[in-house]
$ cat coords.cif   # mmCIF, N, CA and C atoms
data_protein
#
loop_
_atom_site.label_atom_id
_atom_site.label_comp_id
_atom_site.auth_asym_id
_atom_site.auth_seq_id
_atom_site.Cartn_x
_atom_site.Cartn_y
_atom_site.Cartn_z
N MET G 1 27.47 34.97 19.09
CA MET G 1 27.05 34.61 20.43
C MET G 1 26.58 33.16 20.41
N PRO G 2 27.09 32.33 21.30
CA PRO G 2 26.68 30.92 21.31
C PRO G 2 25.18 30.78 21.61
N SER G 3 24.61 29.70 21.12
CA SER G 3 23.17 29.50 21.28
C SER G 3 22.79 29.35 22.76
N PHE G 4 23.69 28.80 23.59
CA PHE G 4 23.38 28.69 25.01
C PHE G 4 23.22 30.07 25.64
N ALA G 5 24.09 31.00 25.27
CA ALA G 5 24.03 32.34 25.84
C ALA G 5 22.75 33.06 25.41
N ILE G 6 22.35 32.87 24.16
CA ILE G 6 21.11 33.48 23.68
C ILE G 6 19.91 32.89 24.43
N TYR G 7 19.90 31.57 24.59
CA TYR G 7 18.82 30.91 25.32
C TYR G 7 18.77 31.41 26.76
N LEU G 8 19.94 31.48 27.40
CA LEU G 8 19.98 31.90 28.79
C LEU G 8 19.54 33.35 28.95
N ALA G 9 19.93 34.22 28.02
CA ALA G 9 19.51 35.62 28.08
C ALA G 9 17.98 35.73 27.96
N GLY G 10 17.40 35.00 27.04
CA GLY G 10 15.95 35.01 26.90
C GLY G 10 15.25 34.47 28.13
N PHE G 11 15.81 33.42 28.70
CA PHE G 11 15.19 32.84 29.90
C PHE G 11 15.30 33.79 31.08
N LEU G 12 16.41 34.54 31.17
CA LEU G 12 16.54 35.52 32.25
C LEU G 12 15.52 36.65 32.11
N VAL G 13 15.26 37.07 30.88
CA VAL G 13 14.23 38.10 30.66
C VAL G 13 12.86 37.56 31.07
N LEU G 14 12.56 36.33 30.68
CA LEU G 14 11.30 35.71 31.08
C LEU G 14 11.20 35.59 32.60
N SER G 15 12.29 35.15 33.24
CA SER G 15 12.30 35.01 34.69
C SER G 15 12.09 36.35 35.38
N ALA G 16 12.73 37.40 34.85
CA ALA G 16 12.56 38.73 35.43
C ALA G 16 11.11 39.17 35.36
N GLY G 17 10.44 38.87 34.26
CA GLY G 17 9.02 39.20 34.14
C GLY G 17 8.16 38.45 35.14
N VAL G 18 8.44 37.17 35.30
CA VAL G 18 7.68 36.36 36.26
C VAL G 18 7.91 36.86 37.68
N LEU G 19 9.17 37.17 38.01
CA LEU G 19 9.48 37.64 39.35
C LEU G 19 8.86 39.01 39.62
N PHE G 20 8.88 39.88 38.64
CA PHE G 20 8.26 41.20 38.81
C PHE G 20 6.75 41.05 39.00
N GLY G 21 6.14 40.15 38.24
CA GLY G 21 4.72 39.90 38.41
C GLY G 21 4.39 39.35 39.79
N ALA G 22 5.23 38.45 40.28
CA ALA G 22 5.02 37.92 41.63
C ALA G 22 5.15 39.03 42.67
N TYR G 23 6.11 39.91 42.47
CA TYR G 23 6.28 41.04 43.39
C TYR G 23 5.04 41.95 43.38
N LEU G 24 4.53 42.23 42.19
CA LEU G 24 3.34 43.08 42.09
C LEU G 24 2.11 42.43 42.69
N LEU G 25 2.06 41.10 42.67
CA LEU G 25 0.93 40.39 43.27
C LEU G 25 1.01 40.32 44.79
N GLY G 26 2.15 40.74 45.35
CA GLY G 26 2.28 40.75 46.80
C GLY G 26 2.85 39.48 47.38
N VAL G 27 3.51 38.68 46.56
CA VAL G 27 4.16 37.47 47.07
C VAL G 27 5.31 37.91 47.99
N PRO G 28 5.45 37.29 49.17
CA PRO G 28 6.53 37.67 50.08
C PRO G 28 7.91 37.58 49.41
N THR G 29 8.80 38.48 49.82
CA THR G 29 10.11 38.63 49.17
C THR G 29 10.92 37.34 49.20
N GLN G 30 10.89 36.60 50.30
CA GLN G 30 11.69 35.38 50.36
C GLN G 30 11.19 34.36 49.34
N TRP G 31 9.90 34.34 49.07
CA TRP G 31 9.37 33.40 48.07
C TRP G 31 9.69 33.86 46.66
N VAL G 32 9.76 35.16 46.45
CA VAL G 32 10.19 35.67 45.15
C VAL G 32 11.63 35.22 44.89
N GLY G 33 12.47 35.27 45.92
CA GLY G 33 13.85 34.79 45.79
C GLY G 33 13.92 33.30 45.50
N VAL G 34 13.11 32.52 46.19
CA VAL G 34 13.08 31.07 45.95
C VAL G 34 12.63 30.78 44.52
N ILE G 35 11.59 31.46 44.07
CA ILE G 35 11.11 31.28 42.69
C ILE G 35 12.22 31.63 41.71
N GLY G 36 12.94 32.71 41.98
CA GLY G 36 14.04 33.12 41.10
C GLY G 36 15.13 32.08 41.01
N LEU G 37 15.53 31.52 42.14
CA LEU G 37 16.57 30.49 42.13
C LEU G 37 16.12 29.24 41.38
N VAL G 38 14.88 28.84 41.59
CA VAL G 38 14.36 27.66 40.90
C VAL G 38 14.30 27.91 39.40
N LEU G 39 13.84 29.09 38.99
CA LEU G 39 13.76 29.41 37.56
C LEU G 39 15.14 29.44 36.91
N VAL G 40 16.12 30.03 37.57
CA VAL G 40 17.47 30.09 37.00
C VAL G 40 18.05 28.68 36.89
N GLY G 41 17.90 27.86 37.91
CA GLY G 41 18.39 26.48 37.85
C GLY G 41 17.71 25.69 36.75
N PHE G 42 16.41 25.84 36.62
CA PHE G 42 15.67 25.16 35.57
C PHE G 42 16.12 25.65 34.19
N GLY G 43 16.34 26.94 34.07
CA GLY G 43 16.78 27.50 32.79
C GLY G 43 18.14 26.98 32.37
N VAL G 44 19.06 26.87 33.30
CA VAL G 44 20.39 26.35 32.99
C VAL G 44 20.29 24.88 32.58
N MET G 45 19.53 24.09 33.32
CA MET G 45 19.39 22.67 32.97
C MET G 45 18.79 22.48 31.59
N VAL G 46 17.72 23.18 31.30
CA VAL G 46 17.07 23.04 29.99
C VAL G 46 17.97 23.58 28.89
N GLY G 47 18.67 24.68 29.16
CA GLY G 47 19.57 25.24 28.17
C GLY G 47 20.70 24.30 27.81
N VAL G 48 21.25 23.62 28.79
CA VAL G 48 22.32 22.65 28.52
C VAL G 48 21.79 21.49 27.69
N VAL G 49 20.63 21.00 28.02
CA VAL G 49 20.05 19.88 27.27
C VAL G 49 19.74 20.30 25.83
N LYS G 50 19.18 21.48 25.65
CA LYS G 50 18.78 21.93 24.31
C LYS G 50 19.97 22.26 23.42
N THR G 51 21.08 22.72 23.99
CA THR G 51 22.21 23.17 23.17
C THR G 51 23.38 22.20 23.18
N ARG G 52 23.25 21.06 23.83
CA ARG G 52 24.35 20.09 23.89
C ARG G 52 24.59 19.47 22.53
N ARG G 53 25.85 19.33 22.19
CA ARG G 53 26.22 18.69 20.94
C ARG G 53 26.44 17.21 21.20
N PRO G 54 26.21 16.35 20.19
CA PRO G 54 26.45 14.92 20.40
C PRO G 54 27.93 14.65 20.66
N ASP G 55 28.19 13.64 21.46
CA ASP G 55 29.57 13.28 21.77
C ASP G 55 30.26 12.72 20.54
N ALA G 56 31.53 13.06 20.38
CA ALA G 56 32.33 12.52 19.28
C ALA G 56 32.72 11.08 19.63
N PRO G 57 32.86 10.22 18.63
CA PRO G 57 33.29 8.85 18.93
C PRO G 57 34.70 8.85 19.51
N ALA G 58 34.95 7.91 20.39
CA ALA G 58 36.26 7.81 21.02
C ALA G 58 37.30 7.40 19.99
N ALA G 59 38.52 7.94 20.12
CA ALA G 59 39.59 7.65 19.15
C ALA G 59 40.10 6.21 19.29
N SER G 60 39.93 5.59 20.45
CA SER G 60 40.46 4.24 20.65
C SER G 60 39.52 3.15 20.14
N ASP G 61 38.30 3.50 19.76
CA ASP G 61 37.37 2.49 19.26
C ASP G 61 37.79 2.05 17.86
N PRO G 62 37.91 0.73 17.64
CA PRO G 62 38.24 0.26 16.29
C PRO G 62 37.04 0.47 15.36
N PRO G 63 37.31 0.73 14.09
CA PRO G 63 36.19 0.90 13.15
C PRO G 63 35.39 -0.38 13.03
N SER G 64 34.09 -0.27 12.97
CA SER G 64 33.24 -1.46 12.83
C SER G 64 33.22 -1.90 11.38
N GLU G 65 33.26 -3.22 11.20
CA GLU G 65 33.29 -3.78 9.85
C GLU G 65 32.04 -4.53 9.54
#
$ encode --input "coords.cif" --output "structure tokens"
Amino acid sequence: MPSFAIYLAGFLVLSAGVLFGAYLLGVPTQWVGVIGLVLVGFGVMVGVVKTRRPDAPAASDPPSE
């Protein structure tokens, strides 16, 4: 399983816990949805940054001497 998928799965479990806690605290449903969307977007952005591989050098670049 790629590291991004593992990271995203863990973040979804964390987000589900936060959203369930907000629901139990009586936060209105539309705000629970907004929090969920923000958390998923944040999780994807952080996951991409954390698991991104460095770019390979371009094939057209001449070797430096």
$ atom_distance --input "coords.cif" --atom1 "atom N of G:Val44" --atom2 "atom CA of G:Leu8"
6.8 Å
$ closest_residue --input "coords.cif" --among "G:Pro57, G:Gly10, G:Pro2, G:Gly21" --to "G:Ile35" --atoms "only C-alpha atoms"
G:Gly21
$ atom_distance --input "coords.cif" --atom1 "atom CA of G:Gly47" --atom2 "atom CA of G:Tyr7"
6.4 Å
$ resolve_selection --input "coords.cif" --expression "the PyMOL selection byres (((chain G and resi 40 and name CA) around 12) and name CA)" --output "list in words"
Tyr7, Leu8, Ala9, Gly10, Phe11, Leu12, Val13, Leu14, Ser15, Ala16, Val18, Leu19, Gly33, Val34, Ile35, Gly36, Leu37, Val38, Leu39, Gly41, Phe42, Gly43, Val44, Met45, Val46 and Gly47 of chain G
$ select_by_dssp --input "coords.cif" --residues "chain G" --states "alpha helix (DSSP H)" --output "number ranges by chain"
G: 3-24, 29-51
$ atom_distance --input "coords.cif" --atom1 "atom CA of G:Ser3" --atom2 "atom CA of G:Lys50"
9.3 Å
